[in-house]
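Containing mmCIF, C-alpha atoms: start-v1.cif.
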```
data_protein
loop_
_atom_site.label_atom_id
_atom_site.label_comp_id
_atom_site.auth_asym_id
_atom_site.auth_seq_id
_atom_site.Cartn_x
_atom_site.Cartn_y
_atom_site.Cartn_z
CA MET J 1 129.99 152.68 112.10
CA PHE J 2 127.62 154.06 109.51
CA LEU J 3 125.99 150.67 108.93
CA ARG J 4 125.50 150.03 112.66
CA ASP J 5 123.94 153.48 113.17
CA PHE J 6 121.61 152.89 110.24
CA VAL J 7 120.43 149.56 111.70
CA ASP J 8 119.83 151.16 115.12
CA LEU J 9 117.78 153.96 113.58
CA THR J 10 115.64 151.69 111.45
CA ARG J 11 115.07 148.87 113.99
CA PRO J 12 111.80 150.29 115.41
CA PHE J 13 110.42 150.71 111.90
CA MET J 14 111.48 147.18 110.93
CA LEU J 15 109.90 145.66 114.01
CA GLU J 16 106.68 147.53 113.35
CA GLN J 17 106.45 146.51 109.70
CA PHE J 18 107.62 142.92 110.07
CA THR J 19 106.01 141.62 113.25
CA PRO J 20 106.01 137.85 113.36
CA MET J 21 102.95 136.08 112.00
CA ASN J 22 100.83 134.19 114.45
CA SER J 23 100.50 130.42 114.20
CA SER J 24 97.22 130.50 112.27
CA GLN J 25 98.79 132.71 109.62
CA LEU J 26 101.71 130.33 109.28
CA ILE J 27 99.34 127.41 108.84
CA ALA J 28 97.45 129.33 106.20
CA LEU J 29 100.64 129.92 104.23
CA ASP J 30 101.53 126.22 104.40
CA ALA J 31 98.07 125.18 103.30
CA ARG J 32 98.28 127.28 100.13
CA ASP J 33 100.93 124.94 98.75
CA GLY J 34 98.92 122.83 96.32
CA ASP J 35 101.56 120.10 96.23
CA SER J 36 101.77 119.73 99.99
CA ALA J 37 101.45 116.13 101.12
CA VAL J 38 99.65 117.11 104.32
CA SER J 39 96.51 119.15 104.90
CA PHE J 40 97.41 121.28 107.94
CA SER J 41 95.02 121.97 110.80
CA PRO J 42 95.05 125.08 113.03
CA PRO J 43 96.72 124.52 116.41
CA ALA J 44 93.53 125.58 118.17
CA GLN J 45 91.85 122.49 116.75
CA ARG J 46 94.70 120.31 117.96
CA ALA J 47 94.63 121.60 121.54
CA GLY J 48 93.54 118.75 123.80
CA LEU J 49 93.51 116.31 120.91
CA GLU J 50 92.78 112.89 122.37
CA LEU J 51 92.24 110.51 119.47
CA SER J 52 93.60 110.23 115.96
CA VAL J 53 92.01 107.82 113.48
CA VAL J 54 94.46 106.65 110.82
CA VAL J 55 92.88 105.37 107.60
CA PRO J 56 95.17 103.94 104.88
CA THR J 57 93.67 104.32 101.41
CA PHE J 58 94.22 103.22 97.84
CA ASN J 59 91.41 103.93 95.36
CA GLU J 60 88.74 104.49 98.02
CA ARG J 61 87.32 107.76 96.68
CA GLU J 62 83.66 106.77 97.05
CA ASN J 63 84.11 105.69 100.67
CA VAL J 64 85.75 108.82 102.09
CA ILE J 65 82.67 111.02 102.56
CA PRO J 66 80.46 108.24 104.06
CA LEU J 67 83.28 107.30 106.46
CA VAL J 68 83.80 110.89 107.63
CA GLU J 69 80.07 111.32 108.24
CA ARG J 70 80.03 108.15 110.32
CA LEU J 71 83.06 109.26 112.34
CA ARG J 72 81.43 112.61 113.13
CA LYS J 73 78.44 110.81 114.63
CA ALA J 74 80.39 108.10 116.41
CA LEU J 75 82.94 110.48 117.98
CA ALA J 76 80.61 113.29 119.06
CA GLY J 77 81.94 114.88 122.27
CA ILE J 78 85.48 113.55 121.69
CA SER J 79 88.45 115.64 120.56
CA TRP J 80 89.51 113.72 117.44
CA GLU J 81 91.06 113.91 114.00
CA VAL J 82 91.21 111.57 111.04
CA ILE J 83 94.32 111.12 108.89
CA PHE J 84 93.87 109.53 105.48
CA VAL J 85 97.22 108.13 104.31
CA ASP J 86 96.89 107.65 100.57
CA ASP J 87 99.27 105.62 98.41
CA ASP J 88 98.85 107.96 95.42
CA SER J 89 95.48 106.54 94.35
CA THR J 90 94.71 106.61 90.64
CA ASP J 91 91.15 107.72 91.44
CA ARG J 92 92.48 110.83 93.28
CA THR J 93 91.14 109.80 96.68
CA VAL J 94 93.32 112.46 98.27
CA ASP J 95 91.44 115.25 96.45
CA VAL J 96 88.21 114.30 98.20
CA VAL J 97 89.97 114.39 101.57
CA ARG J 98 91.49 117.81 100.88
CA ASP J 99 88.12 119.23 99.83
CA LEU J 100 86.63 118.04 103.13
CA SER J 101 89.54 119.45 105.13
CA ILE J 102 88.78 123.00 103.92
CA ASN J 103 85.67 123.14 106.11
CA ASP J 104 86.74 120.65 108.79
CA PRO J 105 90.36 120.95 110.00
CA ARG J 106 90.01 117.65 111.88
CA ILE J 107 90.41 115.94 108.50
CA ARG J 108 93.95 115.56 107.15
CA ALA J 109 95.61 113.84 104.20
CA ILE J 110 99.07 112.42 103.61
CA ARG J 111 99.83 111.58 100.00
CA ARG J 112 102.60 109.02 99.59
CA VAL J 113 104.33 109.04 96.21
CA HIS J 114 106.40 106.04 95.04
CA ARG J 115 105.60 104.21 98.28
CA ARG J 116 103.20 101.32 98.74
CA GLY J 117 101.94 99.13 101.54
CA LEU J 118 99.22 99.27 104.17
CA ALA J 119 101.61 98.66 107.07
CA GLY J 120 103.91 101.51 106.00
CA ALA J 121 100.94 103.84 105.49
CA CYS J 122 99.58 103.07 108.96
CA LEU J 123 102.99 103.61 110.55
CA GLU J 124 103.48 106.93 108.77
CA GLY J 125 100.04 108.12 109.84
CA ILE J 126 100.53 107.12 113.48
CA LEU J 127 103.90 108.84 113.73
CA SER J 128 102.51 112.04 112.18
CA THR J 129 99.99 112.76 114.93
CA SER J 130 100.34 114.35 118.37
CA ALA J 131 97.31 112.49 119.75
CA PRO J 132 98.21 110.14 122.63
CA ILE J 133 95.86 107.44 121.36
CA VAL J 134 95.55 106.27 117.76
CA ALA J 135 92.97 104.05 116.08
CA VAL J 136 93.62 102.25 112.80
CA MET J 137 90.74 101.24 110.55
CA ASP J 138 90.06 100.59 106.88
CA ALA J 139 88.32 103.01 104.54
CA ASP J 140 86.01 100.40 103.03
CA LEU J 141 83.26 100.83 105.69
CA GLN J 142 83.59 97.21 106.81
CA HIS J 143 84.80 98.21 110.29
CA ASP J 144 82.19 99.31 112.83
CA GLU J 145 83.04 102.91 113.73
CA THR J 146 80.45 102.92 116.55
CA ARG J 147 82.89 100.78 118.59
CA LEU J 148 85.54 103.53 118.65
CA ALA J 149 84.10 105.39 121.66
CA THR J 150 84.02 102.21 123.75
CA MET J 151 87.55 101.32 122.65
CA LEU J 152 88.71 104.79 123.71
CA SER J 153 87.11 104.44 127.15
CA MET J 154 89.03 101.17 127.59
CA MET J 155 92.27 102.98 126.75
CA ARG J 156 91.63 105.96 129.03
CA GLY J 157 92.24 104.02 132.22
CA GLY J 158 95.92 103.67 131.34
CA ARG J 159 96.02 99.93 132.05
CA THR J 160 95.58 98.85 128.42
CA ASP J 161 98.27 99.24 125.75
CA LEU J 162 96.14 98.02 122.90
CA VAL J 163 92.48 97.34 122.15
CA VAL J 164 91.68 94.92 119.33
CA ALA J 165 88.30 94.96 117.60
CA THR J 166 87.78 91.25 117.06
CA ARG J 167 85.57 89.32 114.66
CA TYR J 168 86.11 86.01 116.45
CA SER J 169 85.05 86.55 120.05
CA GLY J 170 81.83 87.38 121.84
CA ASP J 171 79.24 88.78 119.45
CA GLY J 172 81.82 89.32 116.71
CA SER J 173 81.39 87.86 113.25
CA SER J 174 83.06 87.91 109.85
CA GLY J 175 80.32 86.05 108.00
CA GLN J 176 78.86 89.14 106.35
CA GLY J 177 82.17 90.48 105.04
CA PHE J 178 83.93 87.24 104.06
CA ASN J 179 82.95 84.39 101.79
CA ARG J 180 83.68 80.84 102.94
CA ILE J 181 87.09 80.66 101.30
CA ARG J 182 88.28 83.90 102.87
CA GLN J 183 86.86 82.86 106.24
CA ALA J 184 88.79 79.60 106.08
CA GLY J 185 91.94 81.46 105.07
CA SER J 186 91.52 83.92 107.92
CA HIS J 187 91.13 81.15 110.49
CA MET J 188 94.19 79.36 109.11
CA ALA J 189 96.29 82.54 109.25
CA ILE J 190 95.21 83.19 112.85
CA GLY J 191 96.08 79.63 113.82
CA MET J 192 99.56 79.97 112.32
CA ALA J 193 100.16 83.25 114.16
CA LYS J 194 99.10 81.79 117.49
CA ARG J 195 101.27 78.69 117.13
CA LEU J 196 104.41 80.33 115.77
CA LEU J 197 104.37 83.67 117.60
CA LYS J 198 102.34 82.79 120.71
CA VAL J 199 100.03 85.79 120.39
CA GLU J 200 97.09 85.76 122.78
CA THR J 201 94.44 87.91 121.12
CA SER J 202 91.59 86.14 119.31
CA ASP J 203 92.03 88.23 116.13
CA PRO J 204 95.69 89.11 115.45
CA MET J 205 94.75 89.60 111.79
CA SER J 206 92.39 92.47 112.59
CA GLY J 207 92.93 95.74 110.77
CA PHE J 208 90.79 97.57 113.34
CA PHE J 209 92.50 98.43 116.63
CA MET J 210 93.51 101.23 118.99
CA VAL J 211 96.97 101.76 120.46
CA ARG J 212 99.03 104.23 122.47
CA ARG J 213 101.20 106.33 120.18
CA THR J 214 104.15 106.13 122.60
CA LEU J 215 104.22 102.36 122.09
CA ILE J 216 104.53 102.80 118.32
CA ASP J 217 107.24 105.43 118.85
CA GLU J 218 109.26 102.75 120.66
CA LEU J 219 108.54 99.91 118.25
CA ALA J 220 108.73 101.85 114.96
CA PRO J 221 112.33 100.80 114.08
CA LYS J 222 111.32 97.13 114.40
CA LEU J 223 108.10 97.29 112.39
CA SER J 224 107.92 96.21 108.77
CA GLN J 225 106.59 98.69 106.21
CA GLN J 226 105.56 95.82 103.95
CA GLY J 227 102.45 93.74 104.24
CA PHE J 228 98.91 94.24 105.47
CA LYS J 229 99.03 92.96 109.05
CA ILE J 230 100.55 95.69 111.20
CA LEU J 231 98.68 94.61 114.34
CA LEU J 232 100.41 91.22 114.38
CA ASP J 233 103.73 92.98 113.79
CA ILE J 234 103.14 95.32 116.76
CA ILE J 235 102.26 92.46 119.13
CA ALA J 236 105.13 90.24 117.97
CA SER J 237 107.71 93.04 118.01
CA SER J 238 107.11 94.19 121.58
CA PRO J 239 109.93 93.04 123.90
CA MET J 240 107.49 93.07 126.83
CA PRO J 241 104.05 91.43 127.04
CA LEU J 242 101.33 93.92 126.13
CA SER J 243 98.12 94.53 128.04
CA ILE J 244 95.57 93.81 125.31
CA GLY J 245 91.84 94.45 125.52
CA GLU J 246 89.25 93.14 123.08
CA ILE J 247 85.89 94.32 121.84
CA SER J 248 83.76 92.35 119.41
CA TYR J 249 82.21 93.72 116.23
CA VAL J 250 80.45 92.47 113.11
CA PHE J 251 82.57 92.71 109.97
CA ARG J 252 80.42 94.35 107.28
CA PRO J 253 80.36 93.63 103.53
CA ARG J 254 82.20 96.06 101.25
CA ILE J 255 79.88 98.45 99.37
CA HIS J 256 82.20 100.46 97.11
CA GLY J 257 85.57 99.62 95.56
CA GLU J 258 87.50 96.36 95.38
CA SER J 259 89.30 94.26 97.96
CA LYS J 260 93.11 94.58 97.99
CA LEU J 261 93.62 90.96 99.09
CA ASP J 262 95.59 88.93 96.55
CA ALA J 263 98.33 86.31 96.38
CA SER J 264 101.03 88.86 97.19
CA VAL J 265 99.30 89.67 100.50
CA VAL J 266 99.39 85.97 101.45
CA LEU J 267 103.10 85.74 100.64
CA GLU J 268 103.85 88.91 102.58
CA TYR J 269 102.02 87.49 105.57
CA LEU J 270 104.11 84.31 105.44
CA GLY J 271 107.21 86.48 105.22
CA LEU J 272 106.13 88.43 108.31
CA LEU J 273 105.54 85.21 110.26
CA VAL J 274 109.01 83.91 109.45
CA ALA J 275 110.60 87.29 110.23
CA LYS J 276 109.00 87.55 113.66
CA TRP J 277 109.57 83.86 114.41
CA SER J 278 113.29 84.39 113.69
CA ARG J 279 113.28 87.55 115.83
CA ASP J 280 113.87 89.67 112.73
CA LEU J 281 117.06 87.86 111.72
CA ILE J 282 115.28 87.11 108.45
CA SER J 283 113.36 89.99 106.88
CA PRO J 284 109.97 89.52 105.17
CA ARG J 285 111.54 90.70 101.91
CA MET J 286 114.25 88.07 102.19
CA VAL J 287 111.63 85.36 102.66
CA LEU J 288 109.78 86.49 99.52
CA PHE J 289 113.06 86.60 97.59
CA GLY J 290 113.81 83.05 98.67
CA LEU J 291 110.34 81.80 97.69
CA VAL J 292 110.70 83.39 94.28
CA GLY J 293 114.11 81.76 93.95
CA LEU J 294 112.60 78.35 94.67
CA SER J 295 109.99 78.94 91.99
CA GLY J 296 112.84 79.77 89.62
CA VAL J 297 114.37 76.34 90.28
CA VAL J 298 111.07 74.72 89.29
CA VAL J 299 110.88 76.84 86.13
CA HIS J 300 114.49 75.99 85.27
CA LEU J 301 114.13 72.23 85.68
CA SER J 302 110.75 72.11 83.95
CA MET J 303 111.99 74.06 80.94
CA LEU J 304 115.22 72.00 80.75
CA ARG J 305 113.22 68.77 80.77
CA LEU J 306 110.91 70.06 78.05
CA LEU J 307 113.78 71.18 75.79
CA LEU J 308 115.73 67.93 76.22
CA THR J 309 112.61 65.94 75.37
CA ALA J 310 112.26 68.05 72.23
CA GLY J 311 115.79 66.96 71.19
CA LEU J 312 117.76 70.11 72.00
CA PRO J 313 121.40 69.52 73.04
CA PHE J 314 122.02 69.79 76.79
CA ALA J 315 124.24 72.89 76.63
CA ALA J 316 121.71 74.84 74.55
CA GLY J 317 118.81 73.59 76.67
CA GLN J 318 120.60 74.57 79.88
CA ALA J 319 121.27 78.07 78.59
CA VAL J 320 117.66 78.60 77.51
CA ALA J 321 116.33 77.16 80.79
CA MET J 322 118.58 79.48 82.80
CA LEU J 323 117.35 82.45 80.77
CA PHE J 324 113.72 81.52 81.45
CA ALA J 325 114.47 81.15 85.17
CA VAL J 326 116.11 84.59 85.31
CA VAL J 327 113.17 86.23 83.53
CA SER J 328 110.71 84.44 85.81
CA ASN J 329 112.59 85.39 88.99
CA TYR J 330 112.97 89.00 87.92
CA THR J 331 109.29 89.36 86.97
CA LEU J 332 108.03 87.83 90.20
CA ASN J 333 110.45 89.80 92.37
CA ASN J 334 109.40 92.98 90.62
CA ALA J 335 105.71 92.21 91.22
CA LEU J 336 105.96 90.75 94.75
CA THR J 337 109.24 91.13 96.62
CA TYR J 338 109.89 94.71 95.55
CA ARG J 339 106.34 95.80 94.77
CA ASP J 340 106.94 99.08 96.63
CA ARG J 341 109.88 99.79 94.29
CA ARG J 342 108.36 98.25 91.17
CA ARG J 343 110.09 99.05 87.88
CA ARG J 344 107.90 99.90 84.89
CA GLY J 345 108.33 100.60 81.18
CA LEU J 346 111.92 101.06 80.06
CA HIS J 347 113.11 100.76 83.66
CA PHE J 348 111.65 97.24 83.72
CA LEU J 349 113.93 96.20 80.82
CA THR J 350 117.06 97.87 82.18
CA GLY J 351 116.36 96.29 85.57
CA MET J 352 116.11 92.86 83.99
CA MET J 353 119.54 93.29 82.39
CA MET J 354 121.05 94.40 85.70
CA PHE J 355 119.39 91.51 87.52
CA ALA J 356 120.72 88.98 85.00
CA ALA J 357 124.24 90.39 85.20
CA LEU J 358 124.27 90.42 89.00
CA CYS J 359 122.87 86.89 89.18
CA SER J 360 125.67 85.74 86.86
CA LEU J 361 128.21 87.16 89.30
CA GLY J 362 126.34 85.36 92.09
CA VAL J 363 126.74 82.07 90.22
CA LEU J 364 130.51 82.67 89.91
CA ALA J 365 130.79 83.57 93.61
CA GLY J 366 128.80 80.54 94.66
CA THR J 367 130.83 78.24 92.41
CA GLY J 368 134.08 79.56 93.83
CA VAL J 369 132.97 79.12 97.45
CA SER J 370 131.57 75.63 96.84
CA SER J 371 134.82 74.56 95.11
CA LEU J 372 136.82 75.84 98.08
CA PHE J 373 134.58 73.94 100.51
CA TYR J 374 134.85 70.76 98.45
CA SER J 375 138.65 70.93 98.37
CA GLN J 376 138.74 71.18 102.18
CA GLU J 377 135.88 68.80 102.97
CA PRO J 378 134.90 66.60 99.99
CA GLN J 379 131.22 66.31 100.79
CA TRP J 380 129.20 67.37 97.76
CA TRP J 381 126.04 68.34 99.66
CA LEU J 382 127.90 70.61 102.10
CA ALA J 383 129.86 72.28 99.31
CA GLY J 384 126.72 72.70 97.23
CA LEU J 385 124.81 74.19 100.16
CA ALA J 386 127.60 76.65 100.91
CA GLY J 387 127.66 77.79 97.28
CA ALA J 388 123.89 78.15 97.19
CA VAL J 389 123.86 80.25 100.36
CA ILE J 390 126.59 82.56 99.07
CA GLY J 391 124.93 82.89 95.67
CA ALA J 392 121.50 83.57 97.16
CA GLY J 393 122.92 86.10 99.63
CA TRP J 394 124.79 87.91 96.86
CA ASN J 395 121.71 88.03 94.65
CA TYR J 396 119.50 89.36 97.46
CA ILE J 397 121.92 92.07 98.62
CA THR J 398 122.76 93.31 95.13
CA SER J 399 119.12 93.24 94.04
CA SER J 400 118.11 95.38 97.03
CA MET J 401 121.01 97.80 96.67
CA ILE J 402 121.24 98.08 92.88
CA THR J 403 118.38 96.63 90.83
CA TRP J 404 115.58 97.84 93.12
CA ARG J 405 117.40 100.56 94.99
CA ARG J 406 115.28 103.37 96.36
#
```
In structure tokens, what does this structure look like?
Amino acid sequence: MFLRDFVDLTRPFMLEQFTPMNSSQLIALDARDGDSAVSFSPPAQRAGLELSVVVPTFNERENVIPLVERLRKALAGISWEVIFVDDDSTDRTVDVVRDLSINDPRIRAIRRVHRRGLAGACLEGILSTSAPIVAVMDADLQHDETRLATMLSMMRGGRTDLVVATRYSGDGSSGQGFNRIRQAGSHMAIGMAKRLLKVETSDPMSGFFMVRRTLIDELAPKLSQQGFKILLDIIASSPMPLSIGEISYVFRPRIHGESKLDASVVLEYLGLLVAKWSRDLISPRMVLFGLVGLSGVVVHLSMLRLLLTAGLPFAAGQAVAMLFAVVSNYTLNNALTYRDRRRRGLHFLTGMMMFAALCSLGVLAGTGVSSLFYSQEPQWWLAGLAGAVIGAGWNYITSSMITWRR
């Protein structure tokens, strides 16, 4: 009774002294956290927000300020925000974004730690916004931001799900931004996408497009977080045909920083094509794992041949060749297949030992299954194939769950 009377007597005082903070005060408290991954914007700025521009970044510090200035001019009169999704750049790109956000709450940053990949960064940025329409563009200033307003007007009618800024239709061009080799590679990649996946747009490889956020909400579970070609993934993953608009633009040359295109990007693209062609029965990571495994066979046979030619006994040569193949497979998988979970330093060595041990178990499992097949149906190629499939499946599953677990 005494406690209840005390609470009743003090309630008016407590309500007076501890009135709830308004939303702007709550935002201010959140923003004081120096380790926060997101730069918060006041709700007043978000009211009526129509467009969010998602910009994935990795070591693009020198391009942030010029890009923001260009967006301010290009999007005048539009309620917009820009979200820089940074993969923990070594040049501290995110610090530049946070400094800008102090005076302009339309600018936000998401810092991703221990995560890599343009597709995953784009997806995370799109899902973080409340804007009904989202544009994706690169930070390297090669995309023409002056086309954003026209792209938005195409989306406003409600009849278009997606607008692609294309380099290969109308007045579009990639000649300024690509050398001849990259142009040829781009055309080849587009041709493969059109043949295998039956996509209709002239530039499915474009990294510059606008989409309804509700569409990404629906497709998010199907989209890969690996790779660089999220637009192709969106189009190929939709169960229903999309209404796609196009607008041409001239692809500019890069001024600051370095291109992120390398051999791993090409392999990831091939993995994405196979995954979408198989209707996601085969994942892009599984394709990369298989390609690395094939390279290991080449390494194994080449090393075995070299050692036998040098006069080493077969048993010793086989053991050394197997060791080289394991080291090669592990190194390539660490650099390519599991680049978003890459092991470094001491963890690289411990991972190699785990990988070797698990692969040894895979060999035993494959041998056992192939022997069982051969005893039932004595056809060497069928038994060998069954053992290879079991061994490869075991190696892939255990590598994902143990060696490169998250």
**Item:** Answer key for the PyMOL selection byres ((chain J and resi 161) around 12), residues as a count of residues only
**Value:** 33
Please report, as JSON lines, each residue of range 98-182 of chain J lying at most 9 Å from range 337-349 of chain J, together with the nearest pair of atoms and the separation in Å rounded to one decimal; use all atoms listed in the file, and order rows by chain and ascending residue number.
```
{"residue": "J:His114", "atom": "CA", "partner": "J:Asp340", "partner_atom": "CA", "distance": 7.2}
{"residue": "J:Arg115", "atom": "CA", "partner": "J:Asp340", "partner_atom": "CA", "distance": 5.6}
{"residue": "J:Arg116", "atom": "CA", "partner": "J:Asp340", "partner_atom": "CA", "distance": 4.8}
{"residue": "J:Gly117", "atom": "CA", "partner": "J:Asp340", "partner_atom": "CA", "distance": 7.0}
```
Can you write out the residues you just picked, keeping C-alpha atoms, as a CSV table (one decimal), keeping the file's coordinate frame?
```csv
chain,number,residue,atom,x,y,z
J,114,HIS,CA,106.4,106.0,95.0
J,115,ARG,CA,105.6,104.2,98.3
J,116,ARG,CA,103.2,101.3,98.7
J,117,GLY,CA,101.9,99.1,101.5
```
**Request:** Could you please determine the separation between CA of Pro239 in chain J and CA of Asp280 in chain J in Å, to one decimal place?
**Result:** 12.3 Å
**Item:** Proximity to Met352 in chain J - best of J:Leu197, J:Val327, J:Leu372, J:Leu364, all atoms listed in the file
**Value:** J:Val327
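Here CA of Val54 in chain J stands at a distance of 25.5 Å from CA of Ser283 in chain J.
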**Request:** Counting only C-alpha atoms, select every polymer residue within 12 Å of (109.3, 98.8, 109.7) as defined in the file's coordinates, and provide the selection as a PyMOL selection string.
**Result:** chain J and resi 117-124+216-227+229-230+233-234+237+272+275-276+280+283-285
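Close to (120.9, 89.5, 92.3), meaning no more than 8 Å away when counting all atoms listed in the file, sit the residues J:Phe355, J:Ala356, J:Ala357, J:Leu358, J:Cys359, J:Gly362, J:Ala392, J:Trp394, J:Asn395, J:Tyr396, J:Ile397, J:Thr398, J:Ser399, J:Thr403.
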Save out the residues we just selected, C-alpha atoms, as a PDB file, keeping the file's coordinate frame.
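part_20.pdb written:
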```
ATOM      1  CA  PHE J 355     119.390  91.510  87.520  1.00  0.00           C
ATOM      2  CA  ALA J 356     120.720  88.980  85.000  1.00  0.00           C
ATOM      3  CA  ALA J 357     124.240  90.390  85.200  1.00  0.00           C
ATOM      4  CA  LEU J 358     124.270  90.420  89.000  1.00  0.00           C
ATOM      5  CA  CYS J 359     122.870  86.890  89.180  1.00  0.00           C
ATOM      6  CA  GLY J 362     126.340  85.360  92.090  1.00  0.00           C
ATOM      7  CA  ALA J 392     121.500  83.570  97.160  1.00  0.00           C
ATOM      8  CA  TRP J 394     124.790  87.910  96.860  1.00  0.00           C
ATOM      9  CA  ASN J 395     121.710  88.030  94.650  1.00  0.00           C
ATOM     10  CA  TYR J 396     119.500  89.360  97.460  1.00  0.00           C
ATOM     11  CA  ILE J 397     121.920  92.070  98.620  1.00  0.00           C
ATOM     12  CA  THR J 398     122.760  93.310  95.130  1.00  0.00           C
ATOM     13  CA  SER J 399     119.120  93.240  94.040  1.00  0.00           C
ATOM     14  CA  THR J 403     118.380  96.630  90.830  1.00  0.00           C
TER      15      THR J 403
END
```
**Prompt:** Do you know which residues the PyMOL selection byres ((chain J and resi 302) around 12) returns on this file, as a ChimeraX atom specification?
**Reply:** /J:295-301,303-309,317-318,320-322,324-325
Can you spit out the residues from that selection as a PDB file, keeping the file's coordinate frame, using C-alpha atoms?
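Dumped everything to again-v4.pdb:
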```
ATOM      1  CA  SER J 295     109.990  78.940  91.990  1.00  0.00           C
ATOM      2  CA  GLY J 296     112.840  79.770  89.620  1.00  0.00           C
ATOM      3  CA  VAL J 297     114.370  76.340  90.280  1.00  0.00           C
ATOM      4  CA  VAL J 298     111.070  74.720  89.290  1.00  0.00           C
ATOM      5  CA  VAL J 299     110.880  76.840  86.130  1.00  0.00           C
ATOM      6  CA  HIS J 300     114.490  75.990  85.270  1.00  0.00           C
ATOM      7  CA  LEU J 301     114.130  72.230  85.680  1.00  0.00           C
ATOM      8  CA  MET J 303     111.990  74.060  80.940  1.00  0.00           C
ATOM      9  CA  LEU J 304     115.220  72.000  80.750  1.00  0.00           C
ATOM     10  CA  ARG J 305     113.220  68.770  80.770  1.00  0.00           C
ATOM     11  CA  LEU J 306     110.910  70.060  78.050  1.00  0.00           C
ATOM     12  CA  LEU J 307     113.780  71.180  75.790  1.00  0.00           C
ATOM     13  CA  LEU J 308     115.730  67.930  76.220  1.00  0.00           C
ATOM     14  CA  THR J 309     112.610  65.940  75.370  1.00  0.00           C
ATOM     15  CA  GLY J 317     118.810  73.590  76.670  1.00  0.00           C
ATOM     16  CA  GLN J 318     120.600  74.570  79.880  1.00  0.00           C
ATOM     17  CA  VAL J 320     117.660  78.600  77.510  1.00  0.00           C
ATOM     18  CA  ALA J 321     116.330  77.160  80.790  1.00  0.00           C
ATOM     19  CA  MET J 322     118.580  79.480  82.800  1.00  0.00           C
ATOM     20  CA  PHE J 324     113.720  81.520  81.450  1.00  0.00           C
ATOM     21  CA  ALA J 325     114.470  81.150  85.170  1.00  0.00           C
TER      22      ALA J 325
END
```
From the structure block, carefully write range 299-313 of chain J out with N, CA and C atoms; format it as a PDB file, in the first residue's frame.
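Once everything was written out, this is out_23.pdb:
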```pdb
ATOM      1  N   VAL J 299      45.907 -28.316 -62.270  1.00  0.00           N
ATOM      2  CA  VAL J 299      47.119 -28.171 -61.460  1.00  0.00           C
ATOM      3  C   VAL J 299      47.636 -29.540 -61.033  1.00  0.00           C
ATOM      4  N   HIS J 300      46.724 -30.402 -60.593  1.00  0.00           N
ATOM      5  CA  HIS J 300      47.098 -31.737 -60.129  1.00  0.00           C
ATOM      6  C   HIS J 300      47.784 -32.534 -61.238  1.00  0.00           C
ATOM      7  N   LEU J 301      47.144 -32.619 -62.393  1.00  0.00           N
ATOM      8  CA  LEU J 301      47.692 -33.427 -63.486  1.00  0.00           C
ATOM      9  C   LEU J 301      48.997 -32.843 -64.024  1.00  0.00           C
ATOM     10  N   SER J 302      49.057 -31.509 -64.095  1.00  0.00           N
ATOM     11  CA  SER J 302      50.287 -30.874 -64.601  1.00  0.00           C
ATOM     12  C   SER J 302      51.457 -31.129 -63.661  1.00  0.00           C
ATOM     13  N   MET J 303      51.219 -30.985 -62.366  1.00  0.00           N
ATOM     14  CA  MET J 303      52.280 -31.207 -61.389  1.00  0.00           C
ATOM     15  C   MET J 303      52.693 -32.679 -61.364  1.00  0.00           C
ATOM     16  N   LEU J 304      51.720 -33.600 -61.452  1.00  0.00           N
ATOM     17  CA  LEU J 304      52.029 -35.028 -61.449  1.00  0.00           C
ATOM     18  C   LEU J 304      52.899 -35.382 -62.656  1.00  0.00           C
ATOM     19  N   ARG J 305      52.536 -34.858 -63.813  1.00  0.00           N
ATOM     20  CA  ARG J 305      53.318 -35.118 -65.023  1.00  0.00           C
ATOM     21  C   ARG J 305      54.740 -34.597 -64.876  1.00  0.00           C
ATOM     22  N   LEU J 306      54.894 -33.422 -64.316  1.00  0.00           N
ATOM     23  CA  LEU J 306      56.209 -32.811 -64.136  1.00  0.00           C
ATOM     24  C   LEU J 306      57.073 -33.644 -63.191  1.00  0.00           C
ATOM     25  N   LEU J 307      56.484 -34.098 -62.086  1.00  0.00           N
ATOM     26  CA  LEU J 307      57.237 -34.860 -61.088  1.00  0.00           C
ATOM     27  C   LEU J 307      57.627 -36.240 -61.611  1.00  0.00           C
ATOM     28  N   LEU J 308      56.721 -36.886 -62.373  1.00  0.00           N
ATOM     29  CA  LEU J 308      57.047 -38.191 -62.938  1.00  0.00           C
ATOM     30  C   LEU J 308      58.151 -38.072 -63.984  1.00  0.00           C
ATOM     31  N   THR J 309      58.111 -37.008 -64.746  1.00  0.00           N
ATOM     32  CA  THR J 309      59.179 -36.771 -65.736  1.00  0.00           C
ATOM     33  C   THR J 309      60.520 -36.561 -65.045  1.00  0.00           C
ATOM     34  N   ALA J 310      60.475 -35.964 -63.864  1.00  0.00           N
ATOM     35  CA  ALA J 310      61.712 -35.714 -63.109  1.00  0.00           C
ATOM     36  C   ALA J 310      62.221 -36.969 -62.415  1.00  0.00           C
ATOM     37  N   GLY J 311      61.479 -38.090 -62.514  1.00  0.00           N
ATOM     38  CA  GLY J 311      61.936 -39.358 -61.955  1.00  0.00           C
ATOM     39  C   GLY J 311      61.404 -39.690 -60.586  1.00  0.00           C
ATOM     40  N   LEU J 312      60.461 -38.926 -60.072  1.00  0.00           N
ATOM     41  CA  LEU J 312      59.896 -39.206 -58.747  1.00  0.00           C
ATOM     42  C   LEU J 312      58.956 -40.404 -58.839  1.00  0.00           C
ATOM     43  N   PRO J 313      58.964 -41.304 -57.842  1.00  0.00           N
ATOM     44  CA  PRO J 313      58.032 -42.431 -57.852  1.00  0.00           C
ATOM     45  C   PRO J 313      56.586 -41.946 -57.881  1.00  0.00           C
TER      46      PRO J 313
END
```
